[in-house]
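K.L.:
Quick one: structure below, then a few questions.
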Amino acid sequence: MTTQKRKVRFNVGGTIFETTTTTLSNASDNSLLKAMLDDAWSAQYEEFGEHFIDRDPACFNVLLHLLRTGELLVPPTISDILLFREAHYYGLLDQVRSARNVELDGENLKLASSITGRTLLKERSLVRASANGSCSIANGRVFHVYDWMLQELSFGNLDYMKIVDMEWYDSENLLISGQKNSSPNTFGGGGGIGLFNPQTAELKQRFKLTRTSSPSYRSHGGDDQFSRMKPGNLAINNSNNKIFCCCKDDFNTKVDGIGVWDTTTGQQIGFLEDGHINELGNTFKLQWLPSNNCLVGVIRSSQSNRISIFDPRMREMELGHWEHNPYKLKHQGRLVDAIGIEEMKCVCVIEENGFFGFVDLRKLGGESQMNRVRRNSKEEEEKEWFPLSMESVFIETGGKPKLGWHGGKLFCSINSVISVYCGSGFEWELASQVQPKHGGGLIQDFSIGGDRLFSLQTLEHNLYEINVWETPPSPLPPLLI
């Protein structure tokens with residue numbers, strides 16, 4: 001490959017550009033422009049005295065400036081979609097994304113783009129952001145995958161299963177749990193867990209429950225009983241290639257727990273059971289905390305709400321479950337979401353009326369009382385309140401609260417608003433709020449990844465809308481002449 005500095009001439013769509021091999025060497029290794037430095041292209045260049053590329057010259061000018069200076073300066077006449085497509089053609093999309101993206105700041109959000117799709121919206125609709133800025137949505141038995149440019153990559157249909165949870169294992173694998181649809185006259189339901197290719201929506205690997213430690217399970221047929229086990233929420237430990245899934249059994253075997261699988265082998269390597277009160281089947285949120293090396297399970301039942309912390313370093317091999325410390329929550333409201341916050345050593349929970357609470361992970365079990373503020377009159381209760389710290393909120397039907405955490409800030413969606421809070425301990429203040437493009441629809445879910453905030457909103461006529469917020473780059477300082 002030629003590396004010395006020399007002039008290179010391009011004819012892009014009839015417009016002439018001149019640059020140097022030094023500038024072109026700043027392109028990524030797999031890019032077209034970097035490949036043109038190779039001797040294999042020399043014959044064409046020597047014959048015509050230029051490289052001819054039949055593409056958009058305005059976008060090429062922007063990309064060439066990026067290679068020269070590291071700055072991405074896009075005139076208003078060039079749309080994002082056009083620039084992204086041209087960057088993808090040249091193999092420079094990652095460099096454009098890196099130059100364009102700014103670390104997400106919850107106090108400085110701007111609606112960057114929106115797309116609308118059509119589907120039969122069900123009660124459980126999900127959106128999940130990947131680390132590279134793409135996203136996936138799930139609704140009923142179908143899921144869609146969108147790339148960083150919000151172009152649909154793939155569409156999948158699980159046919160007889162409804163999707164319960166969905167998580168990005170990495171940029172090349174999408175983990176999905178599903179439950180079979182069963183009528184009141186059929187026994188059980190069952191389901192499955194699988195890794196899917198986000199590019200094609202094809203199933204790559206299936207995970208099966210092959211054993212538990214329960215005598216009840218073994219006495220009722222062992223492996224055959226998983227046909228009636230209902231997979232639930234998922235958690236991922238990427239560093240050790242493990243996945244976790246809540247499993248709820250039918251009324252016959254009464255074996256509820258959390259299955260553990262090795263993604264390298266595809267084999268089940270554990271099954272976590274309560275050992276005291278069999279409520280793990282009611283776990284509605286699982287989260288792996290890598291810094292603390294533990295699994296958090298949030299349980300919602302008719303008797304109580306509680307949080308269990310599972311520590312794999314204290315596994316009781318004979319009993320077949322991990323040591324865990326339960327936290328019983330004394331408030332009366334029904335929990336709807338929770339999120340572990342490692343830097344604060346706590347779990348934040350939110351209940352159906354919009355009240356926040358925090359559980360200290362440094363305690364070995366115990367109880368937590370949520371701070372609550374009630375309205376003084378029925379008239380106040382009937383108002384639509386945007387979330388304010390530690391105050392009650394009027395929640396519309398379907399406007400279920402959801403929590404997120406990013407950059408030291410707490411995100412919460414209620415109704416058609418996503419609120420961002422700053423603070424610590426029990427002192428939190430509202431810092432900012434954002435609303436989707438069409439403010440009337442309810443936010444079903446939101447997710448943060450790749451320095452982007454995604455929300456999934458329901459619209460009329462079986463439409464959904466994905467809104468994407470980013471933090472805009474700081475303006476360039478004025479030139480001093």
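Going by the structure tokens order, chains are called A, B, ..., each with residues numbered from 1, while ligands are numbered from 1 in the order shown.
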Pick out the residues sitting within 9 Å of Phe284 of chain A, and hand them over as a list in words; count only C-alpha atoms, and ignore anything fewer than 6 positions along from it in its own chain.
P.N.:
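The residues satisfying every condition are Gly232, Asn233, Cys246, Gly297, Val298, Ile299, Arg300, Val336 and Asp337 of chain A.
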K.L.:
Please provide as a list of chain:residue names all residues within 9 Å of Gly192 of chain A, with the sequence filter that same-chain residues fewer than 6 positions apart are discarded (counting only C-alpha atoms).
P.N.:
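My list of contacting residues is A:Met161, A:Ile176, A:Ser177, A:Gly178, A:Gln179, A:Lys180, A:Arg206, A:Phe207, A:Lys208, A:Leu209, A:Ser227, A:Met229, A:Lys230, A:Pro231.
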K.L.:
I'd like the neighbourhood of Leu459 of chain A as a list in words, where a residue qualifies if any of its atoms comes within 8 Å (using only C-alpha atoms), though same-chain residues fewer than 4 positions away should be ignored.
P.N.:
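Once the adjacent positions are removed, what remains is Gly440, Gly441, Leu442, Leu463, Tyr464 and Glu465 of chain A.
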K.L.:
Write a file of the just-selected residues containing N, CA, C and O atoms, as a JSON list (two decimals), in the first residue's frame.
P.N.:
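again-v4.json, freshly written:
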```json
[["chain", "number", "residue", "atom", "x", "y", "z"],
["A", 440, "GLY", "N", -49.82, 13.54, 22.04],
["A", 440, "GLY", "CA", -51.04, 12.96, 22.58],
["A", 440, "GLY", "C", -50.95, 11.48, 22.89],
["A", 440, "GLY", "O", -51.67, 10.99, 23.76],
["A", 441, "GLY", "N", -50.08, 10.74, 22.21],
["A", 441, "GLY", "CA", -49.99, 9.31, 22.41],
["A", 441, "GLY", "C", -49.23, 8.95, 23.67],
["A", 441, "GLY", "O", -48.37, 9.71, 24.15],
["A", 442, "LEU", "N", -49.54, 7.79, 24.24],
["A", 442, "LEU", "CA", -48.89, 7.35, 25.47],
["A", 442, "LEU", "C", -47.58, 6.64, 25.15],
["A", 442, "LEU", "O", -47.47, 5.90, 24.17],
["A", 463, "LEU", "N", -51.06, 2.52, 14.78],
["A", 463, "LEU", "CA", -49.74, 3.03, 14.43],
["A", 463, "LEU", "C", -48.87, 3.13, 15.68],
["A", 463, "LEU", "O", -49.37, 3.36, 16.78],
["A", 464, "TYR", "N", -47.59, 2.96, 15.48],
["A", 464, "TYR", "CA", -46.64, 3.23, 16.54],
["A", 464, "TYR", "C", -45.61, 4.22, 16.01],
["A", 464, "TYR", "O", -45.40, 4.36, 14.80],
["A", 465, "GLU", "N", -44.96, 4.91, 16.92],
["A", 465, "GLU", "CA", -43.93, 5.87, 16.54],
["A", 465, "GLU", "C", -42.72, 5.70, 17.43],
["A", 465, "GLU", "O", -42.84, 5.59, 18.65]]
```
K.L.:
Pick out the closest residue to Asp54 of chain A from this set: A:Gln95, A:Gln435, A:Asn415, A:Asn11. Count only C-alpha atoms.
P.N.:
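Using only C-alpha atoms, the shortest distance to Asp54 of chain A belongs to A:Asn11.
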K.L.:
Atom CA of His88 of chain A to atom CA of Phe48 of chain A: how many Å, to one decimal?
P.N.:
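Atom CA of Phe48 of chain A lies 25.8 Å from atom CA of His88 of chain A.
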K.L.:
If you count only C-alpha atoms, which residues fall within 8 Å of segment 238-242 of chain A, apart from same-chain ones fewer than 5 positions away, as a list in words?
P.N.:
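The residues satisfying every condition are Tyr169, Val260, Trp261, Asp262, Thr263 and Thr264 of chain A.
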K.L.:
Just checking: using only C-alpha atoms, which residue out of A:Ile115, A:Trp148, A:Ser136, A:Ile350 ends up closest to Asn101 of chain A?
P.N.:
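Among A:Ile115, A:Trp148, A:Ser136, A:Ile350, it is A:Trp148 that comes nearest to Asn101 of chain A.
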K.L.:
So that I can check the surroundings of Ile163 of chain A, please list as a ChimeraX atom specification every protein, DNA and RNA residue that reaches within 12 Å of it, counting only C-alpha atoms and ignoring chain neighbours fewer than 4 positions away.
P.N.:
/A:122-127,137-144,156-159,167,175-181,191-194,230-234
